[in-house]
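Asker: Data file my_file_16.cif (mmCIF, C-alpha atoms and all ligand atoms) is appended below.
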```cif
data_work
#
loop_
_atom_site.label_atom_id
_atom_site.label_comp_id
_atom_site.auth_asym_id
_atom_site.auth_seq_id
_atom_site.Cartn_x
_atom_site.Cartn_y
_atom_site.Cartn_z
CA MET S 1 0.00 0.00 0.00
CA ALA S 2 2.92 2.34 0.81
CA ARG S 3 4.37 1.79 -2.65
CA SER S 4 1.07 2.44 -4.39
CA HIS S 5 1.39 6.17 -3.51
CA GLY S 6 -2.29 6.58 -2.80
CA LYS S 7 -3.38 4.86 -6.00
CA LYS S 8 -6.27 2.43 -5.93
CA ILE S 9 -5.05 -1.16 -5.85
CA LEU S 10 -6.85 -3.63 -8.11
CA LEU S 11 -6.11 -7.18 -7.10
CA PHE S 12 -6.20 -10.24 -9.37
CA LEU S 13 -5.69 -13.65 -7.76
CA ASP S 14 -5.11 -17.07 -9.22
CA TYR S 15 -6.78 -19.95 -7.35
CA ASP S 16 -4.98 -23.33 -7.62
CA GLY S 17 -1.51 -23.18 -6.08
CA THR S 18 -2.06 -19.58 -4.97
CA LEU S 19 -5.12 -19.47 -2.70
CA ALA S 20 -5.37 -23.25 -2.41
CA ARG S 21 -2.57 -25.70 -1.97
CA ILE S 22 -2.35 -28.29 -4.74
CA VAL S 23 -3.45 -31.65 -3.33
CA ASP S 24 -3.81 -35.16 -4.75
CA SER S 25 -7.39 -34.67 -5.87
CA PRO S 26 -7.91 -31.66 -8.16
CA LEU S 27 -11.60 -31.62 -7.22
CA LYS S 28 -10.77 -31.12 -3.54
CA GLU S 29 -8.53 -28.06 -3.66
CA PHE S 30 -10.34 -26.09 -1.00
CA ILE S 31 -8.92 -22.97 0.58
CA THR S 32 -8.25 -22.96 4.30
CA ARG S 33 -10.45 -20.98 6.66
CA GLU S 34 -7.49 -18.74 7.37
CA MET S 35 -6.90 -18.01 3.68
CA ARG S 36 -10.60 -17.32 3.14
CA GLU S 37 -10.56 -14.81 6.01
CA THR S 38 -7.44 -13.17 4.57
CA VAL S 39 -9.09 -12.82 1.16
CA ARG S 40 -12.26 -11.54 2.84
CA ASP S 41 -10.22 -8.77 4.49
CA VAL S 42 -8.51 -7.93 1.21
CA VAL S 43 -11.85 -7.77 -0.61
CA ARG S 44 -13.08 -5.14 1.89
CA SER S 45 -10.24 -2.80 0.88
CA PHE S 46 -9.50 -3.54 -2.78
CA PRO S 47 -11.55 -4.54 -5.83
CA THR S 48 -10.60 -8.22 -6.11
CA SER S 49 -10.96 -10.71 -8.95
CA ILE S 50 -10.25 -14.43 -8.98
CA VAL S 51 -8.70 -15.41 -12.33
CA THR S 52 -8.56 -19.16 -12.75
CA GLY S 53 -8.58 -22.06 -15.18
CA ARG S 54 -11.58 -23.52 -13.33
CA ASP S 55 -15.08 -22.75 -14.44
CA VAL S 56 -16.86 -19.94 -12.57
CA PRO S 57 -19.43 -21.99 -10.55
CA LYS S 58 -16.66 -24.32 -9.39
CA ALA S 59 -14.41 -21.41 -8.42
CA MET S 60 -17.30 -19.69 -6.59
CA ASN S 61 -18.03 -22.89 -4.73
CA PHE S 62 -14.39 -23.18 -3.66
CA VAL S 63 -13.93 -19.54 -2.66
CA LYS S 64 -17.37 -18.90 -1.13
CA LEU S 65 -16.96 -15.13 -0.81
CA GLU S 66 -19.28 -12.29 -1.79
CA ASN S 67 -18.11 -9.20 -3.63
CA VAL S 68 -15.49 -10.91 -5.75
CA HIS S 69 -15.30 -10.78 -9.54
CA TYR S 70 -14.55 -14.09 -11.27
CA ALA S 71 -12.80 -14.83 -14.53
CA GLY S 72 -13.00 -18.59 -15.00
CA SER S 73 -11.88 -21.02 -17.73
CA HIS S 74 -8.67 -18.99 -18.16
CA GLY S 75 -10.69 -15.83 -18.64
CA MET S 76 -13.29 -17.15 -21.05
CA ASN S 77 -16.13 -16.84 -18.59
CA ILE S 78 -16.22 -13.54 -16.71
CA LYS S 79 -18.72 -12.89 -13.92
CA ILE S 80 -18.84 -9.36 -12.61
CA ILE S 81 -20.38 -8.59 -9.21
CA GLY S 82 -24.05 -7.66 -9.55
CA GLN S 83 -24.33 -8.65 -13.22
CA GLN S 84 -26.43 -11.68 -14.15
CA GLU S 85 -24.97 -12.06 -17.63
CA HIS S 86 -21.49 -13.54 -17.90
CA TYR S 87 -19.08 -12.13 -20.47
CA GLN S 88 -18.04 -15.05 -22.68
CA PRO S 89 -15.80 -14.03 -25.58
CA LEU S 90 -15.82 -17.43 -27.33
CA PRO S 91 -19.23 -19.07 -26.65
CA HIS S 92 -18.95 -21.46 -29.63
CA LEU S 93 -16.28 -23.40 -27.70
CA GLU S 94 -18.64 -24.90 -25.11
CA PRO S 95 -20.00 -27.81 -27.24
CA ILE S 96 -16.49 -28.51 -28.55
CA ILE S 97 -15.21 -28.79 -24.98
CA THR S 98 -18.13 -31.09 -24.05
CA GLU S 99 -17.19 -33.35 -26.96
CA ALA S 100 -13.47 -33.26 -26.11
CA THR S 101 -14.22 -34.16 -22.47
CA LYS S 102 -16.37 -37.14 -23.54
CA CYS S 103 -13.64 -38.41 -25.91
CA LEU S 104 -10.94 -38.01 -23.25
CA GLU S 105 -13.01 -39.68 -20.53
CA LYS S 106 -13.65 -42.64 -22.80
CA ALA S 107 -10.05 -42.93 -23.97
CA LEU S 108 -8.61 -42.56 -20.47
CA GLU S 109 -11.04 -44.98 -18.82
CA GLY S 110 -8.38 -47.66 -18.32
CA VAL S 111 -5.65 -45.31 -17.10
CA GLU S 112 -5.57 -45.19 -13.33
CA GLY S 113 -5.34 -41.72 -11.85
CA ALA S 114 -6.06 -39.80 -15.07
CA LEU S 115 -8.85 -37.26 -14.75
CA ALA S 116 -10.47 -35.15 -17.48
CA GLU S 117 -12.18 -32.12 -15.96
CA ASN S 118 -14.67 -30.10 -18.01
CA ASN S 119 -14.14 -26.42 -17.26
CA LYS S 120 -16.78 -25.25 -19.74
CA PHE S 121 -14.39 -23.46 -22.14
CA CYS S 122 -11.36 -25.67 -21.61
CA VAL S 123 -10.77 -29.24 -20.52
CA SER S 124 -8.05 -30.08 -18.02
CA VAL S 125 -6.37 -33.48 -18.04
CA HIS S 126 -4.86 -33.97 -14.60
CA PHE S 127 -2.05 -36.49 -14.43
CA ARG S 128 -0.65 -35.96 -10.93
CA ASN S 129 -1.96 -39.38 -9.84
CA VAL S 130 -0.93 -41.24 -12.99
CA ASP S 131 1.86 -43.79 -12.77
CA GLU S 132 4.95 -42.65 -14.65
CA LYS S 133 4.77 -45.65 -16.99
CA ASP S 134 1.32 -44.49 -18.20
CA LEU S 135 2.25 -40.86 -18.86
CA ASP S 136 3.17 -41.44 -22.52
CA LEU S 137 -0.21 -43.09 -23.06
CA VAL S 138 -2.03 -40.12 -21.52
CA GLU S 139 -0.02 -37.69 -23.62
CA HIS S 140 -0.68 -39.73 -26.76
CA THR S 141 -4.42 -39.81 -25.97
CA VAL S 142 -4.52 -36.05 -25.44
CA ASN S 143 -2.75 -35.47 -28.76
CA THR S 144 -5.05 -37.89 -30.60
CA VAL S 145 -8.19 -36.12 -29.30
CA LEU S 146 -6.60 -32.78 -30.11
CA GLY S 147 -5.88 -33.92 -33.68
CA ASP S 148 -9.63 -34.19 -34.37
CA LEU S 149 -10.44 -30.78 -32.89
CA PRO S 150 -8.64 -27.98 -34.72
CA ALA S 151 -10.46 -25.33 -32.65
CA LEU S 152 -8.38 -26.38 -29.65
CA LYS S 153 -4.70 -26.28 -28.74
CA LEU S 154 -2.62 -27.79 -25.95
CA ALA S 155 -1.35 -25.81 -22.97
CA HIS S 156 0.89 -27.11 -20.19
CA GLY S 157 0.38 -26.36 -16.52
CA LYS S 158 1.47 -27.92 -13.25
CA MET S 159 0.65 -31.66 -13.49
CA VAL S 160 -2.03 -30.83 -16.02
CA TRP S 161 -2.48 -30.68 -19.78
CA GLU S 162 -5.19 -28.39 -20.98
CA LEU S 163 -7.11 -28.30 -24.23
CA ARG S 164 -7.96 -24.68 -24.77
CA SER S 165 -9.08 -22.39 -27.55
CA ALA S 166 -6.68 -22.22 -30.48
CA GLU S 167 -7.75 -18.58 -30.68
CA ASP S 168 -5.88 -16.60 -28.11
CA PHE S 169 -7.84 -15.44 -25.12
CA THR S 170 -5.65 -15.73 -22.06
CA LYS S 171 -5.70 -14.85 -18.39
CA GLY S 172 -3.99 -11.64 -19.55
CA ASP S 173 -6.95 -10.77 -21.78
CA ALA S 174 -9.29 -11.52 -18.87
CA VAL S 175 -7.33 -9.23 -16.55
CA ASP S 176 -7.39 -6.57 -19.27
CA HIS S 177 -11.16 -6.90 -19.63
CA LEU S 178 -11.68 -6.68 -15.86
CA PHE S 179 -9.17 -3.83 -15.62
CA HIS S 180 -11.15 -1.71 -18.10
CA TYR S 181 -14.46 -2.64 -16.51
CA LEU S 182 -13.16 -1.65 -13.05
CA LEU S 183 -11.76 1.67 -14.32
CA GLN S 184 -15.13 2.50 -15.81
CA HIS S 185 -16.98 1.37 -12.71
CA LEU S 186 -14.69 3.34 -10.36
CA GLN S 187 -14.66 6.31 -12.76
CA MET S 188 -10.88 6.35 -12.72
CA VAL S 189 -8.13 6.39 -15.33
CA SER S 190 -5.26 3.90 -15.46
CA SER S 191 -2.75 6.34 -13.89
CA GLN S 192 -4.88 6.34 -10.73
CA VAL S 193 -4.68 2.59 -10.15
CA VAL S 194 -2.14 -0.15 -9.54
CA ALA S 195 -3.00 -3.65 -10.76
CA ILE S 196 -1.46 -6.60 -8.95
CA HIS S 197 -1.79 -10.15 -10.17
CA ILE S 198 -0.66 -13.01 -7.93
CA GLY S 199 -0.25 -16.43 -9.48
CA ASP S 200 2.00 -19.47 -9.55
CA ASP S 201 1.84 -20.99 -13.01
CA ARG S 202 2.73 -20.36 -16.63
CA THR S 203 -0.73 -19.20 -17.58
CA ASP S 204 -0.34 -16.42 -15.00
CA GLU S 205 2.52 -14.96 -17.00
CA ASP S 206 0.02 -13.56 -19.50
CA ALA S 207 -1.62 -11.72 -16.62
CA PHE S 208 1.75 -10.44 -15.32
CA LYS S 209 2.50 -9.12 -18.81
CA MET S 210 -0.85 -7.38 -18.97
CA CYS S 211 -0.23 -5.72 -15.59
CA TYR S 212 3.18 -4.62 -16.86
CA VAL S 213 1.68 -3.21 -20.06
CA ARG S 214 -0.73 -1.26 -17.90
CA LYS S 215 2.28 0.12 -15.99
CA ALA S 216 1.14 -1.83 -12.99
CA THR S 217 2.66 -4.61 -10.95
CA GLY S 218 2.78 -8.36 -11.47
CA LEU S 219 3.89 -10.69 -8.73
CA ALA S 220 4.96 -14.25 -9.37
CA PHE S 221 5.22 -16.89 -6.70
CA TRP S 222 6.81 -20.10 -7.88
MG MG I 1 -2.23 -21.61 -10.13
#
```
Produce C-alpha cells that represent the structure in this file.
Ligand SMILES: [Mg+2]
Answerer:
Amino acid sequence: MARSHGKKILLFLDYDGTLARIVDSPLKEFITREMRETVRDVVRSFPTSIVTGRDVPKAMNFVKLENVHYAGSHGMNIKIIGQQEHYQPLPHLEPIITEATKCLEKALEGVEGALAENNKFCVSVHFRNVDEKDLDLVEHTVNTVLGDLPALKLAHGKMVWELRSAEDFTKGDAVDHLFHYLLQHLQMVSSQVVAIHIGDDRTDEDAFKMCYVRKATGLAFW
C-alpha cells in the first residue's frame, strides 16, 4: 500500500496453487479458513478478482466469498459482481469442450489416476496421480483427441495438460477486460490505479505481462 502512492489497488488472484494448496485430488482443492478470512479482508479494501482455469461456478463454490469478480476457464467466462450475464468471448467453444471431455473420458477410462475435468471453455487433463509408466499413453491420448479438434490447442500447466481455444484469449486478456471494466466502474483512469496479479503458473505470466503493459505490478510466486 505504501508503494502504491495513494493509488487504488486492483487485485487479481489465481486460485490453484495460490489461494489453495495443490493436493492429490484436483476436485478437492479447497482454501483454508485462514486463507478465506485473509481474502475476505482484502476484498473489503480492494476490488478483487479471482482469475482461474476452473469454471466460474466451481471457483465460486471453492472460494465462497461475496463481492469478488470471477474470470473462469482462463478468462473465457467472466462474472462481474451484480451482473447476471457472464461475459463469454468465445461461446462457440462450449459444445467442442463437451465433446473433447467425452472423448478423453472414454479414452482414459483404463488409465488409473487420469482425470479429465470439463471447465466449460477448456478441458483439463490432470495427471498428478498417474503412474509414470502411463504418462506417454495419456499424452498420446490427449494429442489424438486434439488432432480431431482444430479449434483447440494444448497448454501445459502444473501436473495438467489443458485443451484450450486455439484462438488466443488468455488470463492476460481476462485481466485486461476486468481492468477496463473496473476503471469505468470506479470512474478512474489507469494512472490512478495499480494492478497486482498473484499467481503461480505459466498461464499467470500472461496476466503479469498485462499488468506490466498497464504500468502496474505483477507478482509471481513459484
Ligand atoms: Mg495456479
Asker: Neighbours of ligand MG 1 (chain I) at 7 Å or closer, counting only C-alpha atoms and all ligand atoms: which residues, as JSON, numbers by chain?
Answerer: {"S": [14, 15, 16, 17, 18, 199, 200, 201]}
Asker: Considering all atoms listed in the file, can you say which of S:Val138, S:Thr52, S:Gln187, S:Gly82 comes closest to S:Cys122?
Answerer: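 Selected residue with least distance to S:Cys122: S:Thr52.
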Asker: Taking a cut-off of 10 Å and counting all atoms listed in the file, can you build a table that, for each residue of stretch 111-132 of chain S near stretch 92-102 of chain S, reports the nearest atom pair and how far apart they are in Å (one decimal), sorted by chain then residue number, as CSV?
Answerer:
```
residue,atom,partner,partner_atom,distance
S:Leu115,CA,S:Thr101,CA,9.9
S:Ala116,CA,S:Thr101,CA,6.3
S:Glu117,CA,S:Thr101,CA,7.1
S:Asn118,CA,S:Thr101,CA,6.0
S:Asn119,CA,S:Ile97,CA,8.1
S:Lys120,CA,S:Glu94,CA,5.7
S:Phe121,CA,S:Glu94,CA,5.4
S:Cys122,CA,S:Ile97,CA,6.0
S:Val123,CA,S:Ile97,CA,6.3
S:Ser124,CA,S:Thr101,CA,8.6
S:Val125,CA,S:Thr101,CA,9.0
```
Asker: What is the atom CA of S:Asp204-atom CA of S:His177 distance in Å, reported with one decimal?
Answerer: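 Between atom CA of S:Asp204 and atom CA of S:His177 the gap works out to 15.1 Å.
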Asker: Could you name the residues that touch stretch 111-114 of chain S at 6 Å or less, counting all atoms listed in the file, but leaving out those on the same chain fewer than 2 positions away, as a list in words?
Answerer: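 Here the answer would be Leu108, Glu109, His126, Phe127, Asn129 and Val130 of chain S.
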